[in-house]
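Undergrad: Input structure: model.tsv, which contains TSV, C-alpha atoms.
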chain	number	residue	atom	x	y	z
A	221	MET	CA	8.32	-67.31	-40.57
A	222	ASN	CA	8.01	-63.61	-41.43
A	223	VAL	CA	11.14	-61.60	-42.11
A	224	ASP	CA	11.13	-57.82	-41.69
A	225	HIS	CA	13.04	-55.56	-44.07
A	226	SER	CA	13.64	-51.87	-43.38
A	227	TYR	CA	14.07	-49.02	-45.84
A	228	ALA	CA	15.13	-45.41	-45.40
A	229	VAL	CA	14.59	-42.38	-47.59
A	230	ALA	CA	15.42	-38.76	-46.80
A	231	LEU	CA	13.38	-35.88	-48.18
A	232	THR	CA	14.50	-32.24	-48.33
A	233	TRP	CA	12.01	-29.56	-49.33
A	234	THR	CA	13.69	-27.08	-51.69
A	235	GLY	CA	10.66	-24.95	-52.50
A	236	ASN	CA	11.00	-22.10	-50.00
A	237	ARG	CA	11.02	-19.00	-52.21
A	238	GLY	CA	11.84	-16.70	-49.33
A	239	SER	CA	8.55	-16.43	-47.47
A	240	GLY	CA	7.89	-20.08	-46.70
A	241	THR	CA	4.24	-21.08	-46.80
A	242	SER	CA	2.92	-17.56	-46.22
A	243	ASP	CA	0.18	-18.36	-48.75
A	244	TYR	CA	-0.73	-21.14	-51.18
A	245	ARG	CA	1.02	-19.52	-54.17
A	246	SER	CA	4.14	-18.36	-52.35
A	247	TYR	CA	5.98	-21.66	-52.07
A	248	GLY	CA	7.34	-24.21	-54.50
A	249	ARG	CA	6.50	-27.88	-54.26
A	250	ASP	CA	10.04	-28.93	-55.21
A	251	HIS	CA	11.90	-31.43	-53.07
A	252	VAL	CA	14.71	-33.94	-53.34
A	253	LEU	CA	14.56	-37.60	-52.31
A	254	THR	CA	17.77	-39.35	-51.37
A	255	ALA	CA	18.78	-42.78	-50.16
A	256	GLU	CA	22.26	-43.84	-49.23
A	257	GLY	CA	24.38	-44.67	-52.26
A	258	LYS	CA	21.69	-43.87	-54.84
A	259	PRO	CA	21.05	-41.03	-57.29
A	260	ARG	CA	18.85	-38.20	-56.11
A	261	ILE	CA	15.25	-38.02	-57.27
A	262	SER	CA	13.92	-34.56	-58.01
A	263	GLY	CA	10.31	-34.42	-56.89
A	264	SER	CA	7.42	-32.00	-56.95
A	265	SER	CA	3.66	-32.18	-57.02
A	266	ASP	CA	1.58	-32.85	-60.11
A	267	PRO	CA	1.38	-29.67	-62.25
A	268	VAL	CA	-2.37	-29.58	-61.48
A	269	PHE	CA	-1.34	-28.88	-57.88
A	270	ARG	CA	1.19	-26.13	-58.79
A	271	GLY	CA	4.08	-28.57	-59.25
A	272	ASP	CA	6.95	-28.80	-61.71
A	273	ARG	CA	6.18	-31.13	-64.62
A	274	ASP	CA	9.90	-31.85	-65.07
A	275	ARG	CA	10.11	-33.58	-61.67
A	276	TRP	CA	8.61	-36.85	-60.46
A	277	ASN	CA	5.41	-36.50	-58.45
A	278	PRO	CA	4.19	-38.91	-55.75
A	279	GLU	CA	1.46	-40.31	-57.99
A	280	GLU	CA	3.98	-41.23	-60.68
A	281	LEU	CA	6.30	-42.71	-58.07
A	282	LEU	CA	3.50	-44.92	-56.70
A	283	LEU	CA	2.69	-46.09	-60.23
A	284	ALA	CA	6.41	-46.67	-60.87
A	285	ALA	CA	6.71	-48.71	-57.66
A	286	LEU	CA	3.81	-50.96	-58.69
A	287	THR	CA	5.23	-51.35	-62.20
A	288	GLN	CA	8.74	-52.18	-60.92
A	289	CYS	CA	7.41	-54.58	-58.30
A	290	HIS	CA	5.46	-56.58	-60.88
A	291	LEU	CA	8.51	-56.72	-63.16
A	292	LEU	CA	10.75	-58.01	-60.39
A	293	SER	CA	8.17	-60.54	-59.16
A	294	TYR	CA	7.57	-61.69	-62.72
A	295	LEU	CA	11.26	-62.17	-63.48
A	296	HIS	CA	11.55	-64.23	-60.29
A	297	VAL	CA	8.67	-66.56	-61.14
A	298	ALA	CA	9.80	-66.84	-64.77
A	299	ALA	CA	13.32	-67.87	-63.75
A	300	SER	CA	11.90	-70.33	-61.21
A	301	ALA	CA	9.68	-71.85	-63.92
A	302	GLY	CA	12.51	-72.14	-66.44
A	303	VAL	CA	11.11	-69.44	-68.73
A	304	VAL	CA	13.82	-67.32	-70.34
A	305	VAL	CA	12.63	-63.71	-70.60
A	306	VAL	CA	14.68	-61.69	-73.07
A	307	ASP	CA	12.72	-58.42	-73.02
A	308	TYR	CA	10.11	-56.77	-70.79
A	309	THR	CA	8.37	-53.43	-71.15
A	310	ASP	CA	5.30	-52.01	-69.42
A	311	ASP	CA	3.04	-49.08	-70.27
A	312	SER	CA	1.17	-48.72	-67.00
A	313	SER	CA	-1.45	-46.16	-66.02
A	314	GLY	CA	-3.35	-45.20	-62.91
A	315	THR	CA	-6.33	-43.11	-61.91
A	316	MET	CA	-6.59	-40.90	-58.87
A	317	THR	CA	-9.83	-39.26	-57.80
A	318	GLN	CA	-9.63	-35.94	-56.01
A	319	THR	CA	-12.31	-35.51	-53.34
A	320	ARG	CA	-14.25	-32.35	-52.52
A	321	ASP	CA	-12.30	-31.80	-49.32
A	322	GLY	CA	-9.02	-31.48	-51.28
A	323	GLY	CA	-7.84	-35.01	-50.56
A	324	GLY	CA	-8.01	-37.95	-52.89
A	325	HIS	CA	-7.11	-41.56	-53.52
A	326	PHE	CA	-6.12	-43.91	-56.28
A	327	THR	CA	-9.05	-45.87	-57.66
A	328	GLY	CA	-7.05	-48.27	-59.81
A	329	VAL	CA	-3.89	-49.07	-61.72
A	330	THR	CA	-3.51	-51.06	-64.91
A	331	LEU	CA	-0.20	-52.69	-65.76
A	332	ARG	CA	0.36	-53.61	-69.41
A	333	PRO	CA	3.54	-55.66	-69.52
A	334	THR	CA	4.81	-56.96	-72.83
A	335	VAL	CA	7.10	-59.91	-72.27
A	336	THR	CA	9.31	-61.51	-74.90
A	337	VAL	CA	10.46	-65.05	-74.23
A	338	ALA	CA	13.19	-67.06	-75.94
A	339	ASP	CA	11.12	-70.21	-76.53
A	340	PRO	CA	7.85	-69.90	-78.50
A	341	SER	CA	6.56	-73.11	-76.89
A	342	GLN	CA	6.53	-71.30	-73.50
A	343	ILE	CA	4.30	-68.37	-74.45
A	344	ASP	CA	1.24	-69.78	-72.63
A	345	LEU	CA	3.27	-70.65	-69.53
A	346	ALA	CA	4.94	-67.24	-69.54
A	347	GLN	CA	1.56	-65.53	-69.86
A	348	SER	CA	0.14	-67.51	-66.94
A	349	LEU	CA	3.01	-66.51	-64.64
A	350	HIS	CA	1.65	-62.96	-64.31
A	351	ALA	CA	-0.97	-64.20	-61.85
A	352	ARG	CA	1.67	-65.62	-59.51
A	353	ALA	CA	3.82	-62.49	-59.90
A	354	ALA	CA	0.80	-60.38	-58.93
A	355	GLU	CA	0.35	-62.47	-55.77
A	356	LEU	CA	4.01	-61.98	-54.81
A	357	CYS	CA	4.31	-58.24	-55.45
A	358	PHE	CA	4.93	-56.54	-52.09
A	359	ILE	CA	3.73	-53.14	-53.25
A	360	ALA	CA	0.49	-54.37	-54.85
A	361	ALA	CA	-0.26	-56.31	-51.66
A	362	SER	CA	0.08	-53.03	-49.74
A	363	VAL	CA	-2.41	-50.86	-51.62
A	364	ASN	CA	-6.18	-50.66	-51.18
A	365	PHE	CA	-7.19	-50.31	-54.82
A	366	PRO	CA	-7.26	-52.80	-57.69
A	367	VAL	CA	-4.11	-53.45	-59.69
A	368	VAL	CA	-5.23	-54.95	-62.99
A	369	HIS	CA	-2.90	-56.79	-65.38
A	370	GLU	CA	-3.23	-56.79	-69.16
A	371	PRO	CA	-0.11	-58.74	-70.15
A	372	ARG	CA	1.00	-59.68	-73.63
A	373	THR	CA	3.55	-62.38	-74.27
A	374	ARG	CA	5.47	-63.06	-77.44
A	375	ALA	CA	8.53	-64.96	-78.55
A	376	VAL	CA	11.69	-63.79	-80.24
Could you express the structure from this file as structure tokens?
TA:
Amino acid sequence: MNVDHSYAVALTWTGNRGSGTSDYRSYGRDHVLTAEGKPRISGSSDPVFRGDRDRWNPEELLLAALTQCHLLSYLHVAASAGVVVVDYTDDSSGTMTQTRDGGGHFTGVTLRPTVTVADPSQIDLAQSLHARAAELCFIAASVNFPVVHEPRTRAV
């Protein structure tokens, strides 16, 4: 049985410098994302596209969503398998290709989680759980480009 879940985000563009989008250089790309009961996220475009480097851009947010999703799926499968994770970090990266028509698309993402487990005898099991976590990640299942995993597992 499938179960639907709904999400809501509000976006407010804050980049009108007085003349709207009268030309490509006249407007800011700044905006604010909000969701009920959560901190605001200051967004913009990538600096390459005239954005503010101090704000999150959509490409970073997509990469962050994939990184978070794998973490949460991994913690779930680890707990279900009796593996005690005591630390988890990830240095992920992604590549987007811009097309001649001004559009573009992601061509791939690499997640590099480093997991620390409490029991050294479970390192191999903990390492193997990344495959199941990848299968369960809602966000990775929703994208049309490869999400590669290069996990490392160690013990305390």
Undergrad: Could you jot down the CA of Thr254 in chain A to CA of Gly238 in chain A separation for me, Å, one decimal place?
TA: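 CA of Gly238 in chain A lies 23.5 Å from CA of Thr254 in chain A.
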Undergrad: So what do you get for CA of Val367 in chain A versus CA of Leu286 in chain A, distance-wise?
TA: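 The value is 8.4 Å.
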Undergrad: Have a look at A:Val223, A:Leu282, A:Ala375, A:Ala228 and name the one nearest to Lys258 in chain A; count all atoms listed in the file.
TA: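 Smallest separation from Lys258 in chain A among the options: A:Ala228.
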Undergrad: How many Å lie between CA of Gly235 in chain A and CA of Asp250 in chain A, rounded to one decimal?
TA: 4.9 Å
Undergrad: Within 9 Å of (11.4, -34.4, -48.3) (coordinates as in the file), grab all the protein and nucleic acid residues, counting all atoms listed in the file, and write them out as a PyMOL selection string.
TA: chain A and resi 229-234+250-254+263
Undergrad: Mind checking which residues fall within 9 Å of range 314-325 of chain A, counting all atoms listed in the file, ignoring those fewer than 5 positions away in the same chain, and posting them as a PyMOL selection string?
TA: chain A and resi 279-280+283+330-331+365+367
Undergrad: Name the closest residue to Leu291 in chain A among the candidates A:Asp310, A:Asp339, A:Asp266, A:Asp272; distances are taken between atoms, counting only C-alpha atoms.
TA: A:Asp310
Undergrad: Skip Ala360 in chain A itself and residues of its chain fewer than 3 positions away, then list as JSON, numbers by chain all residues within 12 Å of it, counting all atoms listed in the file.
TA: {"A": [282, 283, 284, 285, 286, 287, 288, 289, 290, 291, 293, 328, 329, 330, 331, 353, 354, 355, 356, 357, 363, 364, 365, 366, 367, 368, 369]}
Undergrad: For Thr336 in chain A, find every residue with an atom within 7 Å (counting only C-alpha atoms), except residues of its own chain fewer than 2 positions away, and show them as a ChimeraX atom specification.
TA: /A:305-308,334,338,373-376
Undergrad: Got time to write the residues from that selection, C-alpha atoms, as an mmCIF file, keeping the file's coordinate frame?
TA:
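The result, written out as again_17.cif:
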data_model
loop_
_atom_site.group_PDB
_atom_site.id
_atom_site.type_symbol
_atom_site.label_atom_id
_atom_site.label_comp_id
_atom_site.auth_asym_id
_atom_site.auth_seq_id
_atom_site.Cartn_x
_atom_site.Cartn_y
_atom_site.Cartn_z
ATOM 1 C CA VAL A 305 12.630 -63.710 -70.600
ATOM 2 C CA VAL A 306 14.680 -61.690 -73.070
ATOM 3 C CA ASP A 307 12.720 -58.420 -73.020
ATOM 4 C CA TYR A 308 10.110 -56.770 -70.790
ATOM 5 C CA THR A 334 4.810 -56.960 -72.830
ATOM 6 C CA ALA A 338 13.190 -67.060 -75.940
ATOM 7 C CA THR A 373 3.550 -62.380 -74.270
ATOM 8 C CA ARG A 374 5.470 -63.060 -77.440
ATOM 9 C CA ALA A 375 8.530 -64.960 -78.550
ATOM 10 C CA VAL A 376 11.690 -63.790 -80.240
#
Undergrad: Between A:Thr309, A:Leu281, A:Val335, A:Arg270, which has the minimum distance to Ile359 in chain A (counting only C-alpha atoms)?
TA: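 Checking each of A:Thr309, A:Leu281, A:Val335, A:Arg270 against Ile359 in chain A, counting only C-alpha atoms, the winner is A:Leu281.
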Undergrad: Of the candidates A:Pro333, A:Val303, A:Glu370, A:Ala361, which one gets nearest to Leu345 in chain A if we count all atoms listed in the file?
TA: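 Smallest separation from Leu345 in chain A among the options: A:Val303.
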Undergrad: Using all atoms listed in the file, find the one residue out of A:Phe326, A:Ser242, A:Glu256, A:Asp311 that sits nearest to Pro278 in chain A.
TA: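 The closest residue to Pro278 in chain A is A:Phe326.
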Undergrad: Considering all atoms listed in the file, state which residue in the set A:Ser313, A:Val304, A:Phe358, A:Gly271 is at the smallest distance from Val337 in chain A.
TA: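 Comparing A:Ser313, A:Val304, A:Phe358, A:Gly271 against Val337 in chain A, the winner is A:Val304.
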Undergrad: Can you fill out range 264-287 of chain A with N, CA and C atoms and hand it back as a JSON list (two decimals), keeping the file's coordinate frame?
TA:
[["chain", "number", "residue", "atom", "x", "y", "z"],
["A", 264, "SER", "N", 8.31, -33.14, -57.06],
["A", 264, "SER", "CA", 7.42, -32.00, -56.95],
["A", 264, "SER", "C", 6.01, -32.55, -56.87],
["A", 265, "SER", "N", 5.03, -31.69, -56.92],
["A", 265, "SER", "CA", 3.66, -32.18, -57.02],
["A", 265, "SER", "C", 3.27, -32.22, -58.49],
["A", 266, "ASP", "N", 2.14, -32.84, -58.76],
["A", 266, "ASP", "CA", 1.58, -32.85, -60.11],
["A", 266, "ASP", "C", 1.38, -31.38, -60.52],
["A", 267, "PRO", "N", 1.59, -31.05, -61.80],
["A", 267, "PRO", "CA", 1.38, -29.67, -62.25],
["A", 267, "PRO", "C", -0.03, -29.13, -61.92],
["A", 268, "VAL", "N", -1.02, -30.00, -61.85],
["A", 268, "VAL", "CA", -2.37, -29.58, -61.48],
["A", 268, "VAL", "C", -2.37, -28.95, -60.08],
["A", 269, "PHE", "N", -1.43, -29.37, -59.24],
["A", 269, "PHE", "CA", -1.34, -28.88, -57.88],
["A", 269, "PHE", "C", -0.14, -27.93, -57.71],
["A", 270, "ARG", "N", 0.16, -27.16, -58.78],
["A", 270, "ARG", "CA", 1.19, -26.13, -58.79],
["A", 270, "ARG", "C", 2.61, -26.71, -58.75],
["A", 271, "GLY", "N", 2.77, -27.93, -59.25],
["A", 271, "GLY", "CA", 4.08, -28.57, -59.25],
["A", 271, "GLY", "C", 4.83, -28.39, -60.55],
["A", 272, "ASP", "N", 6.05, -28.89, -60.57],
["A", 272, "ASP", "CA", 6.95, -28.80, -61.71],
["A", 272, "ASP", "C", 6.84, -30.08, -62.54],
["A", 273, "ARG", "N", 6.40, -29.95, -63.76],
["A", 273, "ARG", "CA", 6.18, -31.13, -64.62],
["A", 273, "ARG", "C", 7.47, -31.85, -64.97],
["A", 274, "ASP", "N", 8.62, -31.23, -64.77],
["A", 274, "ASP", "CA", 9.90, -31.85, -65.07],
["A", 274, "ASP", "C", 10.43, -32.72, -63.93],
["A", 275, "ARG", "N", 9.70, -32.77, -62.83],
["A", 275, "ARG", "CA", 10.11, -33.58, -61.67],
["A", 275, "ARG", "C", 9.08, -34.67, -61.43],
["A", 276, "TRP", "N", 9.51, -35.74, -60.79],
["A", 276, "TRP", "CA", 8.61, -36.85, -60.46],
["A", 276, "TRP", "C", 7.65, -36.41, -59.36],
["A", 277, "ASN", "N", 6.37, -36.79, -59.51],
["A", 277, "ASN", "CA", 5.41, -36.50, -58.45],
["A", 277, "ASN", "C", 5.06, -37.80, -57.72],
["A", 278, "PRO", "N", 4.47, -37.71, -56.53],
["A", 278, "PRO", "CA", 4.19, -38.91, -55.75],
["A", 278, "PRO", "C", 3.29, -39.91, -56.46],
["A", 279, "GLU", "N", 2.36, -39.40, -57.26],
["A", 279, "GLU", "CA", 1.46, -40.31, -57.99],
["A", 279, "GLU", "C", 2.22, -41.13, -59.01],
["A", 280, "GLU", "N", 3.15, -40.50, -59.72],
["A", 280, "GLU", "CA", 3.98, -41.23, -60.68],
["A", 280, "GLU", "C", 4.90, -42.22, -59.96],
["A", 281, "LEU", "N", 5.41, -41.82, -58.81],
["A", 281, "LEU", "CA", 6.30, -42.71, -58.07],
["A", 281, "LEU", "C", 5.55, -43.94, -57.55],
["A", 282, "LEU", "N", 4.30, -43.76, -57.13],
["A", 282, "LEU", "CA", 3.50, -44.92, -56.70],
["A", 282, "LEU", "C", 3.25, -45.85, -57.89],
["A", 283, "LEU", "N", 2.89, -45.29, -59.02],
["A", 283, "LEU", "CA", 2.69, -46.09, -60.23],
["A", 283, "LEU", "C", 3.99, -46.79, -60.63],
["A", 284, "ALA", "N", 5.11, -46.07, -60.55],
["A", 284, "ALA", "CA", 6.41, -46.67, -60.87],
["A", 284, "ALA", "C", 6.72, -47.82, -59.93],
["A", 285, "ALA", "N", 6.43, -47.65, -58.64],
["A", 285, "ALA", "CA", 6.71, -48.71, -57.66],
["A", 285, "ALA", "C", 5.90, -49.97, -57.98],
["A", 286, "LEU", "N", 4.64, -49.81, -58.33],
["A", 286, "LEU", "CA", 3.81, -50.96, -58.69],
["A", 286, "LEU", "C", 4.33, -51.63, -59.96],
["A", 287, "THR", "N", 4.73, -50.83, -60.93],
["A", 287, "THR", "CA", 5.23, -51.35, -62.20],
["A", 287, "THR", "C", 6.55, -52.10, -61.99]]
